[in-house]
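**Student:** Enclosed is the structure file target_14.pdb (PDB, C-alpha atoms).
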ATOM      1  CA  MET A  86      11.692  -2.050 -20.324
ATOM      2  CA  ASN A  87      12.648  -1.490 -24.032
ATOM      3  CA  TRP A  88      12.280  -5.221 -24.725
ATOM      4  CA  TRP A  89       8.586  -5.021 -23.752
ATOM      5  CA  TRP A  90       7.856  -2.322 -26.315
ATOM      6  CA  LEU A  91       9.871  -4.233 -28.923
ATOM      7  CA  LEU A  92       7.734  -7.319 -28.236
ATOM      8  CA  LEU A  93       4.549  -5.303 -28.724
ATOM      9  CA  LEU A  94       5.811  -3.871 -32.006
ATOM     10  CA  LEU A  95       7.169  -7.199 -33.290
ATOM     11  CA  PRO A  96       3.968  -8.243 -35.215
ATOM     12  CA  ALA A  97       3.848  -4.861 -36.951
ATOM     13  CA  ILE A  98       7.556  -5.057 -37.814
ATOM     14  CA  ILE A  99       7.196  -8.601 -39.236
ATOM     15  CA  GLY A 100       4.093  -7.586 -41.194
ATOM     16  CA  ALA A 101       5.813  -4.513 -42.642
ATOM     17  CA  ALA A 102       8.851  -6.608 -43.629
ATOM     18  CA  ILE A 103       6.754  -9.268 -45.397
ATOM     19  CA  SER A 104       4.746  -6.563 -47.188
ATOM     20  CA  ALA A 105       7.897  -4.801 -48.374
ATOM     21  CA  ILE A 106       9.445  -8.047 -49.644
ATOM     22  CA  TRP A 107       6.215  -9.031 -51.436
ATOM     23  CA  ASN A 108       5.837  -5.655 -53.133
ATOM     24  CA  ALA A 109       9.513  -5.560 -54.113
ATOM     25  CA  SER A 110       9.317  -9.004 -55.754
ATOM     26  CA  GLY A 111       6.994  -7.688 -58.459
ATOM     27  CA  SER A 112       4.604 -10.600 -58.011
ATOM     28  CA  SER A 113       0.941  -9.980 -58.540
ATOM     29  CA  VAL A 114      -0.738  -9.464 -55.190
ATOM     30  CA  PRO A 115      -4.127 -11.157 -54.849
ATOM     31  CA  THR A 116      -6.928  -8.938 -53.603
ATOM     32  CA  LEU A 117      -9.070 -10.238 -50.778
ATOM     33  CA  VAL A 118     -12.527  -8.738 -50.408
ATOM     34  CA  ILE A 119     -14.398  -9.242 -47.146
ATOM     35  CA  ARG A 120     -17.985  -8.116 -46.649
ATOM     36  CA  VAL A 121     -18.897  -7.377 -43.058
ATOM     37  CA  ASP A 122     -22.205  -5.992 -41.835
ATOM     38  CA  VAL A 123     -22.351  -2.944 -39.550
ATOM     39  CA  GLY A 124     -23.351  -5.031 -36.502
ATOM     40  CA  THR A 125     -20.228  -7.187 -36.850
ATOM     41  CA  ILE A 126     -18.034  -4.093 -37.161
ATOM     42  CA  ILE A 127     -19.536  -2.632 -33.970
ATOM     43  CA  PHE A 128     -19.035  -5.957 -32.175
ATOM     44  CA  LEU A 129     -15.395  -6.165 -33.293
ATOM     45  CA  PHE A 130     -14.815  -2.551 -32.293
ATOM     46  CA  GLY A 131     -16.292  -3.207 -28.836
ATOM     47  CA  LEU A 132     -14.177  -6.361 -28.503
ATOM     48  CA  LEU A 133     -11.057  -4.384 -29.433
ATOM     49  CA  VAL A 134     -11.838  -1.680 -26.856
ATOM     50  CA  SER A 135     -12.428  -4.334 -24.185
ATOM     51  CA  LEU A 136      -9.125  -6.049 -24.985
ATOM     52  CA  ILE A 137      -7.301  -2.717 -24.822
ATOM     53  CA  GLY A 138      -8.999  -1.996 -21.488
ATOM     54  CA  ILE A 139      -7.975  -5.396 -20.114
ATOM     55  CA  VAL A 140      -4.368  -4.911 -21.224
ATOM     56  CA  VAL A 141      -4.196  -1.366 -19.798
ATOM     57  CA  THR A 142      -5.799  -2.416 -16.478
ATOM     58  CA  TYR A 143      -3.487  -5.401 -16.129
ATOM     59  CA  THR A 144      -0.448  -3.251 -16.896
ATOM     60  CA  LEU A 145      -1.472  -0.555 -14.394
ATOM     61  CA  ASN A 146      -2.140  -3.155 -11.699
ATOM     62  CA  ARG A 147       1.255  -4.706 -12.306
ATOM     63  CA  ILE A 148       2.948  -1.309 -12.076
ATOM     64  CA  ARG A 149       1.022  -0.497  -8.875
ATOM     65  CA  SER A 150       1.921  -3.872  -7.369
ATOM     66  CA  ILE A 151       5.606  -3.362  -8.158
ATOM     67  CA  GLN A 152       5.520   0.150  -6.679
ATOM     68  CA  GLU A 153       3.796  -1.076  -3.497
ATOM     69  CA  LYS A 154       6.310  -3.884  -3.047
ATOM     70  CA  SER A 155       9.151  -1.453  -3.628
ATOM     71  CA  ALA A 156       7.697   1.019  -1.102
ATOM     72  CA  GLN A 157       7.193  -1.747   1.473
ATOM     73  CA  GLN A 158      10.736  -2.979   0.973
ATOM     74  CA  SER A 159      12.112   0.567   1.277
ATOM     75  CA  ALA A 160      10.110   1.137   4.467
ATOM     76  CA  GLU A 161      11.330  -2.157   5.918
ATOM     77  CA  ASP A 162      14.941  -1.342   5.003
ATOM     78  CA  ARG A 163      14.531   2.073   6.623
ATOM     79  CA  ARG A 164      13.113   0.589   9.839
ATOM     80  CA  ARG A 165      15.886  -2.001   9.972
ATOM     81  CA  PHE A 166      18.542   0.689   9.462
ATOM     82  CA  LEU A 167      17.097   2.949  12.184
ATOM     83  CA  LYS A 168      16.901   0.066  14.661
ATOM     84  CA  ARG A 169      20.522  -0.798  13.965
ATOM     85  CA  LEU A 170      21.509   2.870  14.221
ATOM     86  CA  ASP A 171      19.710   3.224  17.546
ATOM     87  CA  HIS A 172      21.369   0.061  18.854
ATOM     88  CA  GLU A 173      24.865   1.039  17.707
ATOM     89  CA  LEU A 174      24.750   4.638  18.969
ATOM     90  CA  LYS A 175      22.953   4.212  22.284
ATOM     91  CA  ASN A 176      25.903   2.854  24.284
ATOM     92  CA  PRO A 177      28.584   5.210  22.848
ATOM     93  CA  LEU A 178      26.374   8.263  23.443
ATOM     94  CA  THR A 179      25.666   7.158  27.016
ATOM     95  CA  ALA A 180      29.392   6.688  27.605
ATOM     96  CA  ILE A 181      30.174  10.136  26.151
ATOM     97  CA  LEU A 182      27.582  11.787  28.401
ATOM     98  CA  ALA A 183      29.018   9.984  31.438
ATOM     99  CA  GLY A 184      32.512  11.154  30.483
ATOM    100  CA  LEU A 185      31.323  14.731  30.079
ATOM    101  CA  ALA A 186      29.658  14.580  33.502
ATOM    102  CA  ASN A 187      32.984  13.514  35.030
ATOM    103  CA  LEU A 188      34.865  16.249  33.215
ATOM    104  CA  SER A 189      32.421  18.916  34.376
ATOM    105  CA  GLY A 190      33.774  18.484  37.908
ATOM    106  CA  VAL A 191      37.330  19.116  36.725
ATOM    107  CA  ALA A 192      36.899  21.854  34.132
ATOM    108  CA  LYS A 193      35.856  24.833  36.241
ATOM    109  CA  GLU A 194      37.287  27.628  34.117
ATOM    110  CA  PRO A 195      34.468  29.498  32.294
ATOM    111  CA  PRO A 196      35.754  28.841  28.719
ATOM    112  CA  HIS A 197      36.219  25.120  29.341
ATOM    113  CA  ARG A 198      32.948  24.910  31.223
ATOM    114  CA  ALA A 199      31.064  26.565  28.354
ATOM    115  CA  SER A 200      32.638  24.188  25.824
ATOM    116  CA  LEU A 201      31.628  21.158  27.869
ATOM    117  CA  ILE A 202      28.061  22.408  28.163
ATOM    118  CA  SER A 203      27.909  22.973  24.397
ATOM    119  CA  VAL A 204      29.266  19.487  23.615
ATOM    120  CA  GLU A 205      26.885  17.891  26.118
ATOM    121  CA  ALA A 206      23.917  19.689  24.532
ATOM    122  CA  GLN A 207      24.867  18.450  21.058
ATOM    123  CA  VAL A 208      25.338  14.862  22.262
ATOM    124  CA  LYS A 209      21.919  14.950  23.928
ATOM    125  CA  ARG A 210      20.416  16.333  20.734
ATOM    126  CA  LEU A 211      21.963  13.475  18.743
ATOM    127  CA  ARG A 212      20.643  10.954  21.285
ATOM    128  CA  ASP A 213      17.125  12.447  21.094
ATOM    129  CA  LEU A 214      17.283  12.555  17.295
ATOM    130  CA  VAL A 215      18.102   8.837  17.030
ATOM    131  CA  ALA A 216      15.401   7.987  19.585
ATOM    132  CA  ASP A 217      12.770  10.051  17.740
ATOM    133  CA  LEU A 218      13.720   8.512  14.404
ATOM    134  CA  ARG A 219      13.203   5.086  15.968
ATOM    135  CA  LYS A 220       9.799   6.167  17.352
ATOM    136  CA  LEU A 221       8.718   7.502  13.977
ATOM    137  CA  SER A 222       9.784   4.299  12.252
ATOM    138  CA  ASP A 223       8.084   2.041  14.827
ATOM    139  CA  LEU A 224       4.907   4.087  14.610
ATOM    140  CA  GLU A 225       4.428   3.048  10.974
ATOM    141  CA  THR A 226       3.954  -0.608  11.978
ATOM    142  CA  ARG A 227       2.883  -0.387  15.621
ATOM    143  CA  GLN A 228      -0.504  -1.907  16.378
ATOM    144  CA  ILE A 229      -2.928   0.708  17.682
ATOM    145  CA  GLU A 230      -4.378  -0.294  21.066
ATOM    146  CA  TRP A 231      -7.949   0.824  20.449
ATOM    147  CA  VAL A 232      -9.615   1.911  23.679
ATOM    148  CA  ALA A 233     -12.105   4.586  24.684
ATOM    149  CA  VAL A 234     -10.101   7.762  25.366
ATOM    150  CA  ASP A 235     -11.518  10.585  27.479
ATOM    151  CA  ILE A 236      -9.759  13.625  26.031
ATOM    152  CA  ALA A 237     -10.662  15.795  29.040
ATOM    153  CA  THR A 238      -8.951  13.350  31.434
ATOM    154  CA  LEU A 239      -5.968  13.018  29.099
ATOM    155  CA  LEU A 240      -5.467  16.793  28.898
ATOM    156  CA  LYS A 241      -5.767  17.248  32.662
ATOM    157  CA  GLY A 242      -3.188  14.486  33.193
ATOM    158  CA  LEU A 243      -0.849  16.086  30.651
ATOM    159  CA  LEU A 244      -1.104  19.487  32.334
ATOM    160  CA  ALA A 245      -0.528  17.972  35.791
ATOM    161  CA  LEU A 246       2.600  16.184  34.541
ATOM    162  CA  GLN A 247       3.956  19.334  32.923
ATOM    163  CA  GLU A 248       3.184  21.352  36.051
ATOM    164  CA  GLU A 249       5.555  19.102  38.005
ATOM    165  CA  GLU A 250       8.305  19.861  35.482
ATOM    166  CA  GLY A 251       7.436  23.559  35.428
ATOM    167  CA  PHE A 252       6.043  25.998  32.856
ATOM    168  CA  ASN A 253       9.171  28.211  32.746
ATOM    169  CA  HIS A 254       7.152  31.314  33.643
ATOM    170  CA  ARG A 255       4.638  30.801  30.833
ATOM    171  CA  ASN A 256       0.942  31.356  31.526
ATOM    172  CA  VAL A 257      -0.571  27.976  30.668
ATOM    173  CA  THR A 258      -4.346  27.486  30.773
ATOM    174  CA  LEU A 259      -6.686  24.598  29.964
ATOM    175  CA  SER A 260     -10.200  25.108  28.628
ATOM    176  CA  ILE A 261     -12.623  22.160  28.486
ATOM    177  CA  PRO A 262     -16.424  22.604  28.159
ATOM    178  CA  GLN A 263     -18.490  21.370  31.085
ATOM    179  CA  ALA A 264     -21.983  22.355  29.904
ATOM    180  CA  PRO A 265     -24.365  21.326  28.587
ATOM    181  CA  TRP A 266     -22.511  17.984  28.308
ATOM    182  CA  PRO A 267     -18.911  16.780  28.560
ATOM    183  CA  LEU A 268     -16.671  16.024  25.610
ATOM    184  CA  PRO A 269     -17.457  12.745  23.851
ATOM    185  CA  GLN A 270     -14.853  10.007  23.923
ATOM    186  CA  VAL A 271     -12.686   9.064  20.950
ATOM    187  CA  ARG A 272     -11.306   5.651  20.069
ATOM    188  CA  GLY A 273      -7.566   5.316  19.962
ATOM    189  CA  ASP A 274      -4.278   4.601  21.681
ATOM    190  CA  TRP A 275      -4.048   6.610  24.930
ATOM    191  CA  ASP A 276      -0.235   6.666  25.006
ATOM    192  CA  LEU A 277       0.136   7.779  21.390
ATOM    193  CA  LEU A 278      -2.462  10.551  21.703
ATOM    194  CA  PHE A 279      -0.809  11.690  24.933
ATOM    195  CA  LEU A 280       2.554  11.788  23.115
ATOM    196  CA  ALA A 281       1.118  13.829  20.230
ATOM    197  CA  ILE A 282      -0.403  16.530  22.440
ATOM    198  CA  HIS A 283       2.631  16.490  24.759
ATOM    199  CA  ASN A 284       4.844  17.227  21.739
ATOM    200  CA  LEU A 285       2.671  20.210  20.802
ATOM    201  CA  LEU A 286       2.824  21.549  24.374
ATOM    202  CA  GLN A 287       6.615  21.095  24.503
ATOM    203  CA  ASN A 288       6.858  22.855  21.142
ATOM    204  CA  ALA A 289       4.883  25.817  22.497
ATOM    205  CA  LEU A 290       7.034  25.981  25.646
ATOM    206  CA  LYS A 291      10.251  25.967  23.580
ATOM    207  CA  PHE A 292       9.212  28.710  21.169
ATOM    208  CA  THR A 293       7.706  31.148  23.656
ATOM    209  CA  ALA A 294       9.313  33.491  26.164
ATOM    210  CA  PRO A 295       8.629  34.043  29.858
ATOM    211  CA  GLY A 296       5.350  35.932  30.251
ATOM    212  CA  ASP A 297       3.836  34.481  27.048
ATOM    213  CA  THR A 298       0.498  32.673  27.135
ATOM    214  CA  ILE A 299      -0.182  29.068  26.111
ATOM    215  CA  GLU A 300      -3.777  27.892  25.858
ATOM    216  CA  ILE A 301      -4.865  24.272  25.533
ATOM    217  CA  ARG A 302      -8.459  24.083  24.348
ATOM    218  CA  SER A 303     -10.781  21.259  23.427
ATOM    219  CA  PHE A 304     -14.350  21.216  22.183
ATOM    220  CA  GLU A 305     -16.813  19.159  20.166
ATOM    221  CA  ASP A 306     -17.402  20.067  16.528
ATOM    222  CA  GLY A 307     -19.989  17.845  14.858
ATOM    223  CA  SER A 308     -18.596  14.320  14.665
ATOM    224  CA  GLU A 309     -15.120  15.398  15.772
ATOM    225  CA  VAL A 310     -13.302  16.371  18.942
ATOM    226  CA  VAL A 311     -11.006  19.337  18.370
ATOM    227  CA  ILE A 312      -7.858  19.922  20.422
ATOM    228  CA  GLU A 313      -5.985  23.207  20.058
ATOM    229  CA  VAL A 314      -2.618  24.245  21.467
ATOM    230  CA  ALA A 315      -2.230  28.000  21.001
ATOM    231  CA  ASP A 316       0.559  30.357  22.037
ATOM    232  CA  THR A 317       1.537  34.017  21.842
ATOM    233  CA  GLY A 318       5.055  33.246  20.631
ATOM    234  CA  PRO A 319       6.877  34.652  17.601
ATOM    235  CA  GLY A 320       4.739  32.739  15.093
ATOM    236  CA  ILE A 321       5.891  30.884  11.995
ATOM    237  CA  PRO A 322       6.823  32.704   8.757
ATOM    238  CA  GLU A 323       4.296  32.029   5.998
ATOM    239  CA  GLU A 324       6.884  30.445   3.685
ATOM    240  CA  GLU A 325       7.834  27.901   6.383
ATOM    241  CA  VAL A 326       4.299  26.748   7.269
ATOM    242  CA  PRO A 327       4.036  24.066   4.498
ATOM    243  CA  HIS A 328       7.314  22.481   5.646
ATOM    244  CA  VAL A 329       6.890  22.243   9.428
ATOM    245  CA  TRP A 330       5.504  18.683   9.204
ATOM    246  CA  GLU A 331       8.516  17.398   7.284
ATOM    247  CA  GLU A 332      10.984  15.114   9.051
ATOM    248  CA  LEU A 333      14.102  16.927  10.315
ATOM    249  CA  TYR A 334      12.861  20.315   9.071
ATOM    250  CA  ARG A 335      13.900  23.217  11.272
ATOM    251  CA  GLY A 336      12.987  26.769  10.362
ATOM    252  CA  LYS A 337      15.004  29.904  10.981
ATOM    253  CA  GLY A 338      13.316  30.456  14.328
ATOM    254  CA  ALA A 339      14.413  26.990  15.505
ATOM    255  CA  ARG A 340      18.113  27.783  15.301
ATOM    256  CA  GLY A 341      19.593  27.612  18.759
ATOM    257  CA  VAL A 342      16.504  25.839  20.146
ATOM    258  CA  VAL A 343      17.038  22.285  21.374
ATOM    259  CA  GLY A 344      15.074  19.742  19.329
ATOM    260  CA  SER A 345      15.341  16.916  16.836
ATOM    261  CA  GLY A 346      13.091  18.344  14.131
ATOM    262  CA  LEU A 347      10.843  15.273  14.362
ATOM    263  CA  GLY A 348       8.267  16.326  16.962
ATOM    264  CA  LEU A 349       5.658  17.633  14.529
ATOM    265  CA  ALA A 350       6.238  14.740  12.117
ATOM    266  CA  LEU A 351       5.431  12.371  15.007
ATOM    267  CA  VAL A 352       2.291  14.365  15.823
ATOM    268  CA  ARG A 353       1.054  14.212  12.235
ATOM    269  CA  SER A 354       1.766  10.473  11.917
ATOM    270  CA  ILE A 355      -0.095   9.674  15.160
ATOM    271  CA  VAL A 356      -3.134  11.770  14.266
ATOM    272  CA  ILE A 357      -3.403  10.321  10.747
ATOM    273  CA  ARG A 358      -3.227   6.766  12.115
ATOM    274  CA  HIS A 359      -6.197   7.682  14.318
ATOM    275  CA  GLY A 360      -8.216   8.774  11.304
ATOM    276  CA  GLY A 361      -7.895  12.458  12.136
ATOM    277  CA  ASN A 362      -6.052  15.436  10.738
ATOM    278  CA  VAL A 363      -3.826  18.204  12.079
ATOM    279  CA  ASN A 364      -3.052  21.667  10.782
ATOM    280  CA  LEU A 365      -2.041  25.079  12.053
ATOM    281  CA  ARG A 366      -2.679  28.786  11.820
ATOM    282  CA  SER A 367       0.078  31.271  12.502
ATOM    283  CA  ARG A 368       0.842  34.968  12.303
ATOM    284  CA  SER A 369       4.391  36.249  12.531
ATOM    285  CA  GLY A 370       4.883  38.240  15.698
ATOM    286  CA  GLN A 371       1.514  37.189  17.164
ATOM    287  CA  GLY A 372       1.560  33.442  17.729
ATOM    288  CA  THR A 373       0.536  30.012  16.497
ATOM    289  CA  VAL A 374      -2.311  27.589  17.045
ATOM    290  CA  PHE A 375      -2.050  23.872  16.238
ATOM    291  CA  ILE A 376      -5.385  22.108  15.641
ATOM    292  CA  ILE A 377      -5.951  18.362  15.983
ATOM    293  CA  ARG A 378      -9.270  16.872  14.843
ATOM    294  CA  LEU A 379     -10.182  13.328  15.920
ATOM    295  CA  PRO A 380     -13.333  11.421  14.959
ATOM    296  CA  VAL A 381     -15.787  10.724  17.762
ATOM    297  CA  GLY A 382     -16.411   7.075  18.625
ATOM    298  CA  GLU A 383     -14.796   4.255  16.669
ATOM    299  CA  GLY A 384     -12.716   6.325  14.261
ATOM    300  CA  ARG A 385     -11.049   4.832  11.203
ATOM    301  CA  LYS A 386      -8.678   2.081  12.199
ATOM    302  CA  ARG A 387      -5.419   2.145  10.234
TER     303      ARG A 387
END
Translate the structure described by the file into structure tokens.

**Tutor:**
Amino acid sequence: MNWWWLLLLLPAIIGAAISAIWNASGSSVPTLVIRVDVGTIIFLFGLLVSLIGIVVTYTLNRIRSIQEKSAQQSAEDRRRFLKRLDHELKNPLTAILAGLANLSGVAKEPPHRASLISVEAQVKRLRDLVADLRKLSDLETRQIEWVAVDIATLLKGLLALQEEEGFNHRNVTLSIPQAPWPLPQVRGDWDLLFLAIHNLLQNALKFTAPGDTIEIRSFEDGSEVVIEVADTGPGIPEEEVPHVWEELYRGKGARGVVGSGLGLALVRSIVIRHGGNVNLRSRSGQGTVFIIRLPVGEGRKR
């Protein structure tokens, strides 16, 4: 943008050049005396400030508009790339998994069997990673289906579904207040909220050991409904806490644990689109609690 600054400085450059030529010529320079009253000076000063303000505001708006268009274009390019990636990889990954399933019946020696299991796990992780990236991308533009959501019913349904799949010897409990009144409803997309809390529960199941406790709690706090998923797992190191919401971030404790590194990013995106917020508290060696806060009633539609 050097040409823009040159254009702004052009009048000053021309004026300085004419002045230098005039003074160098040795010609007598006429003196021009202008008498201006104080009121006129104040008016001109105010006019100058207003013009500067207009120019600055216009320039800032133009910069903001360019940045927004650039961000929108980048987001659209990203979504298009992820859709293409999902489309191109889905069939090859399915074929690889089918081939590995066939080989598992042939390779019965322990070393070969272990290698096949390892390869299959990595292929499944790649498949889940691509699928989660697609979900995260679609979530940015997906229309929220705003309905009244009974959080108590949603949590009971989630626990019933997980009970069918098993808790892997974890002690899972659900706490919902019954008195003096039930939880108020929130406005939002049932499926997306279910996905967010399901991801937190799956996260707790993955990072705890048999015999550990997982508590799902919900209660009313002013104009918000609070949902907590707490566990007695290993906890999250303090230096890793600010990064857990980042896409593809996996801490030291996640090494060797199956996952795409996108679960918490999905949770955060869903909650923010519902006008809420999510955070966590954790102590190394004691456990972690994830806290979702959703506005009661209409919420902020985004």

**Student:** Can you spell out as a list in words the set of residues that the PyMOL selection byres ((chain A and resi 351) around 9) selects in the structure I just provided?

**Tutor:** Asp217, Lys220, Leu221, Leu224, Leu280, Ala281, Asn284, Trp330, Glu332, Leu347, Gly348, Leu349, Ala350, Val352, Arg353, Ser354, Ile355 and Val356 of chain A

**Student:** With only C-alpha atoms as the atoms that count, which of A:Gly273, A:Gly320, A:Gly251, A:Gly131 lies nearest to A:Lys337?

**Tutor:**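 With only C-alpha atoms as the atom set, the closest residue is A:Gly320.
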
**Student:** Excluding A:Leu239 and residues on its chain fewer than 3 positions from it, collect all residues at most 9 Å away from it, counting only C-alpha atoms, and give them as a VMD selection string.

**Tutor:** chain A and resid 234 to 236 242 to 244 275 278 to 279

**Student:** Could you check the closest approach to A:Arg227 for each of A:Ile181, A:Ala101, A:Val134, A:Leu277 and tell me which residue wins, using all atoms listed in the file?

**Tutor:**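 Among A:Ile181, A:Ala101, A:Val134, A:Leu277, it is A:Leu277 that comes nearest to A:Arg227.
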
**Student:** If I take atom CA of A:Ile312 and atom CA of A:Ser260, how far is one from the other in Å, to one decimal?

**Tutor:**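 According to the coordinates, atom CA of A:Ile312 and atom CA of A:Ser260 are separated by 10.0 Å.
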
**Student:** Using all atoms listed in the file, which of A:Gly372, A:Gly307, A:Pro327, A:Pro262 sits nearest A:Ala289?

**Tutor:**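 So, comparing all the options, the nearest one is A:Gly372.
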
**Student:** Compare A:Leu214, A:Thr258, A:Ile357, A:Val374 by their minimum atom-to-atom distance to A:Lys241, counting all atoms listed in the file, and give me the closest one.

**Tutor:** A:Thr258

**Student:** Scan for residues within 6 Å of the point (-5.8, 16.7, 15.4) in the coordinates of the file, using only C-alpha atoms, and reply as a list in words.

**Tutor:**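 Final list of nearby residues, as requested, is Val356, Gly361, Asn362, Val363, Ile376, Ile377, Arg378 and Leu379 of chain A.
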
**Student:** Between atom CA of A:Pro177 and atom CA of A:Val208, measure the distance and give it in Å to one decimal.

**Tutor:**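 So the answer is 10.2 Å.
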
**Student:** To one decimal place, how far is atom CA of A:Asp297 from atom CA of A:Leu246 in Å?

**Tutor:**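 Pair atom CA of A:Asp297 / atom CA of A:Leu246 returns 19.8 Å.
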
**Student:** Measuring atom to atom with all atoms listed in the file, identify which of A:Ser104, A:Gln152, A:Thr125, A:Thr373 is nearest to A:Leu285.

**Tutor:**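 Closest to A:Leu285 of all the choices is A:Thr373.
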
**Student:** Determine, counting only C-alpha atoms, which protein, DNA and RNA residues have an atom within 12 Å of an atom of A:Ala264; residues of the same chain fewer than 3 positions away are not included. Present the result as a list in words.

**Tutor:**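 Close residues of A:Ala264: Ile261, Pro267, Leu268, Phe304 and Glu305 of chain A.
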
**Student:** Under the PyMOL selection byres ((chain A and resi 255) around 7), which residues of this model are included? Write them out as a ChimeraX atom specification.

**Tutor:** /A:252-254,256-257,295-299
